[in-house]
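Participant: Can you keep this structure in mind? I'll have questions shortly.
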Amino acid sequence: MTLVRHHGGGVILFTFIVALILTVMPLPELGRYLRPDWAGLVLIYWCLALPDRVGVISGWLLGLAVDLLTGALLGQHALSLAFVAYLTLKFHQRVRLFPISQQALTVLVLLMLHQLLALWISRMIGRPGAPWFFWAPSLLGMLIWPLVYAALRSLRRGFRVV
Amino acid sequence: MFAALSAALMVMDHKYKSLESLRAGLSVVIYPIQLLVEVPDTVTEWLSESLTSRRHLQEENESLRTKIFMQNAQMQKLAALEAENIRLRELLDSSFEVGEKVIIAELLSVNLDPYKHQIVINKGQLDGVYAGQPLLDAEGVMGQIVHAGPYTSTAVLITDTAHAIPVQVNRNGLRSIALGSGTINRLDLPYIPNSADIQPGDLLITSGLGGQFPPGYPVAVVSAVQHDPGRTFSQVVATPLAQLNRSREVLLVWPGETTILEPAELAPLEETADTDSATSESDAAAADSVAPATEETGAAATP
């Protein structure tokens with residue numbers, strides 16, 4: 001089984017970079033509050049698809065990049081994305097078999113956990129609480145999950161990333 | 001293990017400044033991403049610049065010429081006022097520096113956390129930028145640098161909920177602190193006593209106390225004052241003068257050593273608020289020939 005070597009790491013890196021770009025892409029005022037968590041979505045996909053390649057470490061590094069890009073507390077997204085990656089790895093065999101709508105619900109839970117951690121941390125350092133639409137990005141993430149899933153799967157099959 | 005590592009990182013980042021160099025180093029790694037995000041903006045800007053018609057450029061040239069002419073005229077007056085001000089300051093035995101070193105920086109078009117008011121600019125440590133440096137635009141104070149990387153820096157705006165700026169009322173020298181409200185067009189002044197002389201329309205300028213911001217730059221205009229006899233402090237709300245969500249160009253200021261108030265000037269400030277305003281009023285009285293133009297000097301000092 002060691003004969004099948006990994007390849008296509010560049011594709012994974014590319015999708016992560018695109019996710020990071022989308023994370024800081026300038027949007028109009030309303031869009032800023034509704035921006036889905038691209039980094040989280042892409043990370044969840046790769047953890048589901050290639051759990052032996054993308055995992056907690058990738059999640060942590062990706063989160064660190066998000067922290068640096070968005071000016072958050074260093075380590076905040078690193079912690080929560082590593083946590084999301086860990087949970088996804090834990091359940092990947094089950095979630096993979098879910099129909100897409102149930103997968104989307106799982107993604108919603110994962111993304112909300114991610115946001116909840118972020119909220120806890122920001123409350124801990126004394127920033128004010130969040131309004132109700134703070135959770136909108138997770139809901140939007142759930143709604144676009146089928147699209148993200150289809151796009152990344154065709155990318156993965158097209159480039160035969162294993 | 002990663003949880004512990006992240007927790008350690010967060011605590012260190014929050015409590016100590018030791019991670020600044022790490023953050024600065026790592027920010028080089030993400031600089032290409034910021035540049036990539038910038039590409040569509042740069043292209044459209046370049047296109048619109050190279051495709052504008054000759055007539056449009058001529059018109060713009062004309063209007064800019066008029067503007068320079070007007071500003072030069074105002075500058076003539078400013079020079080005289082500045083000389084007078086320095087002379088009067090000498091009489092009062094206090095120092096005052098007008099010209100500070102400034103450079104122009106441009107905003108990178110990246111969006112950060114929508115719940116924090118932060119911006120990224122295209123100047124960094126290599127240009128001499130340091131954490132804590134004040135940031136202005138053509139109209140007033142915008143904020144200060146929080147993280148300075150080698151090529152880019154992050155700045156926090158005065159309206160961020162974690163930001164406070166020492167201000168004084170330009171009319172009578174009443175000092176207070178303006179806190180960010182988390183809303184882009186509002187500052188709160190929660191520590192103004194009910195008896196204080198402040199009214200809507202008052203210009204708030206930096207007081208220079210705290211040593212972070214140079215004194216005398218316009219910050220905001222008071223938009224509403226609410227006296228509630230049941231409370232110790234009146235509720236004062238101000239609107240920032242800087243175009244916090246519209247400016248593309250910002251000014252970075254290097255305040256000189258002289259801008260920090262000297263002990264001679266600080267001494268009377270230790271006393272009660274009444275004597276405070278009295279001293280600054282005598283200040284204003286001494287300069288009464290300048291009084292009608294003080295607002296002008298404040299505004300003209302910014303460009």
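Numbering starts fresh at 1 for the residues of each chain in the structure tokens, the chains themselves are lettered A, B, ... in the order given, and ligands are numbered from 1 as they appear.
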Please build the interface table for chain B against chain A with a cut-off of 8 Å, listing for each qualifying residue the nearest atom pair and the distance in Å to one decimal; count only C-alpha atoms, order rows by chain and increasing number, and write it as a tab-separated table.
Facilitator:
residue	atom	partner	partner_atom	distance
B:Phe2	CA	A:Leu79	CA	7.0
B:Ala3	CA	A:Leu79	CA	5.7
B:Ser6	CA	A:Gly75	CA	4.7
B:Ala7	CA	A:Gly75	CA	6.9
B:Leu9	CA	A:Gly75	CA	5.6
B:Met10	CA	A:Gly75	CA	5.3
B:Asp13	CA	A:Leu74	CA	6.2
B:His14	CA	A:Leu73	CA	7.0
B:Arg23	CA	A:Leu68	CA	7.3
B:Leu26	CA	A:Leu68	CA	7.5
B:Ser27	CA	A:Leu68	CA	6.4
B:Ile30	CA	A:Leu69	CA	6.9
B:Ile33	CA	A:Ile21	CA	6.3
B:Gln34	CA	A:Ile21	CA	7.5
B:Leu36	CA	A:Ile21	CA	7.5
B:Val37	CA	A:Met25	CA	6.0
B:Ser109	CA	A:Pro26	CA	6.0
B:Val110	CA	A:Val24	CA	5.1
B:Asn111	CA	A:Val24	CA	4.8
B:Leu112	CA	A:Thr70	CA	4.5
B:Asp113	CA	A:Thr70	CA	5.8
B:Pro114	CA	A:Arg32	CA	6.0
B:Gln118	CA	A:Gly71	CA	7.8
B:Thr154	CA	A:Gly71	CA	7.2
B:Thr161	CA	A:Arg127	CA	7.3
B:Ala162	CA	A:Arg127	CA	7.2
Participant: Please return, as a ChimeraX atom specification, all residues of stretch 122-215 of chain B that DSSP assigns to strand (DSSP E) on the basis of the backbone.
Facilitator: /B:134-136,141-148,153-157,164-169,175-180,187-193,203-206
Participant: Restrict the selected residues to C-alpha atoms and save them as a PDB file, in the first residue's frame.
Facilitator:
ATOM      1  CA  PRO B 134      -0.510  57.787  15.447  1.00  0.00           C
ATOM      2  CA  LEU B 135      -2.317  57.721  12.136  1.00  0.00           C
ATOM      3  CA  LEU B 136      -4.170  60.647  10.567  1.00  0.00           C
ATOM      4  CA  VAL B 141      -7.034  61.512  13.712  1.00  0.00           C
ATOM      5  CA  MET B 142      -7.766  57.989  12.473  1.00  0.00           C
ATOM      6  CA  GLY B 143      -6.107  55.696  14.971  1.00  0.00           C
ATOM      7  CA  GLN B 144      -2.804  54.124  15.853  1.00  0.00           C
ATOM      8  CA  ILE B 145      -0.568  51.289  14.705  1.00  0.00           C
ATOM      9  CA  VAL B 146      -0.911  48.058  16.684  1.00  0.00           C
ATOM     10  CA  HIS B 147       1.305  45.655  14.751  1.00  0.00           C
ATOM     11  CA  ALA B 148       4.173  46.800  12.591  1.00  0.00           C
ATOM     12  CA  SER B 153       1.265  47.340   9.436  1.00  0.00           C
ATOM     13  CA  THR B 154      -2.061  46.911  11.135  1.00  0.00           C
ATOM     14  CA  ALA B 155      -3.713  49.918  12.695  1.00  0.00           C
ATOM     15  CA  VAL B 156      -6.651  50.150  15.064  1.00  0.00           C
ATOM     16  CA  LEU B 157      -9.171  52.945  14.429  1.00  0.00           C
ATOM     17  CA  ALA B 164      -9.487  55.347  23.848  1.00  0.00           C
ATOM     18  CA  ILE B 165      -7.973  58.685  22.955  1.00  0.00           C
ATOM     19  CA  PRO B 166      -7.323  61.664  25.254  1.00  0.00           C
ATOM     20  CA  VAL B 167      -9.053  64.726  23.840  1.00  0.00           C
ATOM     21  CA  GLN B 168      -9.853  68.284  24.805  1.00  0.00           C
ATOM     22  CA  VAL B 169     -12.545  70.680  23.723  1.00  0.00           C
ATOM     23  CA  ARG B 175     -10.141  67.542  28.787  1.00  0.00           C
ATOM     24  CA  SER B 176     -11.658  64.095  28.558  1.00  0.00           C
ATOM     25  CA  ILE B 177     -11.240  60.693  27.013  1.00  0.00           C
ATOM     26  CA  ALA B 178     -13.059  59.576  23.885  1.00  0.00           C
ATOM     27  CA  LEU B 179     -13.801  55.871  23.751  1.00  0.00           C
ATOM     28  CA  GLY B 180     -14.474  53.895  20.613  1.00  0.00           C
ATOM     29  CA  LEU B 187     -17.225  58.107  19.758  1.00  0.00           C
ATOM     30  CA  ASP B 188     -18.428  58.098  23.373  1.00  0.00           C
ATOM     31  CA  LEU B 189     -17.233  60.513  26.042  1.00  0.00           C
ATOM     32  CA  PRO B 190     -18.487  58.867  29.226  1.00  0.00           C
ATOM     33  CA  TYR B 191     -16.408  60.834  31.756  1.00  0.00           C
ATOM     34  CA  ILE B 192     -17.767  64.345  31.382  1.00  0.00           C
ATOM     35  CA  PRO B 193     -19.412  65.745  34.550  1.00  0.00           C
ATOM     36  CA  LEU B 203     -14.493  70.509  18.167  1.00  0.00           C
ATOM     37  CA  LEU B 204     -12.506  67.894  20.047  1.00  0.00           C
ATOM     38  CA  ILE B 205      -8.754  67.915  19.479  1.00  0.00           C
ATOM     39  CA  THR B 206      -6.032  65.629  20.777  1.00  0.00           C
TER      40      THR B 206
END
Participant: Interatomic distance between atom CA of B:Lys116 and atom CA of B:Gly182?
Facilitator: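 Rounded to one decimal, the two atoms are 7.5 Å apart.
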Participant: Which residues are near A:Pro146? Cut-off 8 Å, only C-alpha atoms, ignore same chain within fewer than 4 positions. Put them as a list of chain:residue names.
Facilitator: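 Selected residues are A:Ile100, A:Ser101, A:Ala104, A:Ala150.
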Participant: How would the residues just picked look written out with C-alpha atoms as a PDB file, in the first residue's frame?
Facilitator:
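Once written, out.pdb looks like this:
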ATOM      1  CA  ILE A 100     -25.238  15.922   1.339  1.00  0.00           C
ATOM      2  CA  SER A 101     -27.995  17.647   3.340  1.00  0.00           C
ATOM      3  CA  ALA A 104     -24.295  20.305   5.540  1.00  0.00           C
ATOM      4  CA  ALA A 150     -18.879  19.613  -5.438  1.00  0.00           C
TER       5      ALA A 150
END
Participant: Which one is closest to A:Leu50: A:His92, A:His114, A:Ala19, A:Phe98? Count only C-alpha atoms.
Facilitator: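 Smallest distance to A:Leu50 is found for A:His92.
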Participant: Using the chain letters and numbers from this document, which residues of stretch 42-245 of chain B does DSSP assign to helix (DSSP H, G or I), as JSON, numbers by chain?
Facilitator: {"B": [42, 43, 44, 45, 46, 47, 48, 49, 50, 51, 54, 55, 56, 57, 58, 59, 60, 61, 62, 63, 64, 65, 66, 67, 68, 69, 70, 71, 72, 73, 74, 75, 76, 77, 78, 79, 80, 81, 82, 83, 84, 85, 86, 87, 88, 89, 90, 91, 92, 125, 126, 127]}
Participant: Okay, now the selection with C-alpha atoms, as a PDB file, in the first residue's frame?
Facilitator:
ATOM      1  CA  THR B  42      -4.682  47.859  -8.460  1.00  0.00           C
ATOM      2  CA  VAL B  43      -5.708  46.819 -11.965  1.00  0.00           C
ATOM      3  CA  THR B  44      -8.971  48.774 -11.920  1.00  0.00           C
ATOM      4  CA  GLU B  45      -7.212  51.789 -10.479  1.00  0.00           C
ATOM      5  CA  TRP B  46      -4.521  51.603 -13.135  1.00  0.00           C
ATOM      6  CA  LEU B  47      -7.135  51.184 -15.873  1.00  0.00           C
ATOM      7  CA  SER B  48      -9.245  54.077 -14.686  1.00  0.00           C
ATOM      8  CA  GLU B  49      -6.152  56.233 -14.432  1.00  0.00           C
ATOM      9  CA  SER B  50      -4.850  55.416 -17.877  1.00  0.00           C
ATOM     10  CA  LEU B  51      -8.237  55.596 -19.556  1.00  0.00           C
ATOM     11  CA  ARG B  54      -7.764  64.502 -21.415  1.00  0.00           C
ATOM     12  CA  ARG B  55     -10.570  66.859 -20.537  1.00  0.00           C
ATOM     13  CA  HIS B  56     -11.183  65.171 -17.251  1.00  0.00           C
ATOM     14  CA  LEU B  57      -7.510  65.438 -16.366  1.00  0.00           C
ATOM     15  CA  GLN B  58      -7.464  69.088 -17.322  1.00  0.00           C
ATOM     16  CA  GLU B  59     -10.468  69.761 -15.134  1.00  0.00           C
ATOM     17  CA  GLU B  60      -8.875  67.942 -12.263  1.00  0.00           C
ATOM     18  CA  ASN B  61      -5.653  69.829 -12.783  1.00  0.00           C
ATOM     19  CA  GLU B  62      -7.563  73.086 -12.749  1.00  0.00           C
ATOM     20  CA  SER B  63      -9.399  72.302  -9.532  1.00  0.00           C
ATOM     21  CA  LEU B  64      -6.230  71.112  -7.820  1.00  0.00           C
ATOM     22  CA  ARG B  65      -4.473  74.299  -8.876  1.00  0.00           C
ATOM     23  CA  THR B  66      -7.223  76.397  -7.331  1.00  0.00           C
ATOM     24  CA  LYS B  67      -7.055  74.336  -4.191  1.00  0.00           C
ATOM     25  CA  ILE B  68      -3.296  74.790  -3.868  1.00  0.00           C
ATOM     26  CA  PHE B  69      -3.727  78.509  -4.428  1.00  0.00           C
ATOM     27  CA  MET B  70      -6.333  78.714  -1.684  1.00  0.00           C
ATOM     28  CA  GLN B  71      -4.250  76.668   0.686  1.00  0.00           C
ATOM     29  CA  ASN B  72      -1.165  78.735  -0.002  1.00  0.00           C
ATOM     30  CA  ALA B  73      -3.124  81.809   0.885  1.00  0.00           C
ATOM     31  CA  GLN B  74      -4.176  80.188   4.144  1.00  0.00           C
ATOM     32  CA  MET B  75      -0.608  79.083   4.753  1.00  0.00           C
ATOM     33  CA  GLN B  76       0.601  82.674   4.600  1.00  0.00           C
ATOM     34  CA  LYS B  77      -1.680  83.457   7.457  1.00  0.00           C
ATOM     35  CA  LEU B  78      -0.617  80.282   9.222  1.00  0.00           C
ATOM     36  CA  ALA B  79       3.044  81.253   9.129  1.00  0.00           C
ATOM     37  CA  ALA B  80       2.252  84.526  10.832  1.00  0.00           C
ATOM     38  CA  LEU B  81       0.034  82.787  13.372  1.00  0.00           C
ATOM     39  CA  GLU B  82       2.647  80.153  14.037  1.00  0.00           C
ATOM     40  CA  ALA B  83       5.290  82.778  14.694  1.00  0.00           C
ATOM     41  CA  GLU B  84       2.925  84.599  16.998  1.00  0.00           C
ATOM     42  CA  ASN B  85       1.991  81.395  18.765  1.00  0.00           C
ATOM     43  CA  ILE B  86       5.616  80.447  19.361  1.00  0.00           C
ATOM     44  CA  ARG B  87       6.331  83.956  20.675  1.00  0.00           C
ATOM     45  CA  LEU B  88       3.394  83.758  23.071  1.00  0.00           C
ATOM     46  CA  ARG B  89       4.390  80.269  24.128  1.00  0.00           C
ATOM     47  CA  GLU B  90       7.833  81.556  24.918  1.00  0.00           C
ATOM     48  CA  LEU B  91       6.234  84.193  27.096  1.00  0.00           C
ATOM     49  CA  LEU B  92       4.366  81.442  28.896  1.00  0.00           C
ATOM     50  CA  GLN B 125       9.126  48.727   9.960  1.00  0.00           C
ATOM     51  CA  LEU B 126      11.347  49.270   6.923  1.00  0.00           C
ATOM     52  CA  ASP B 127       9.790  52.728   6.605  1.00  0.00           C
TER      53      ASP B 127
END
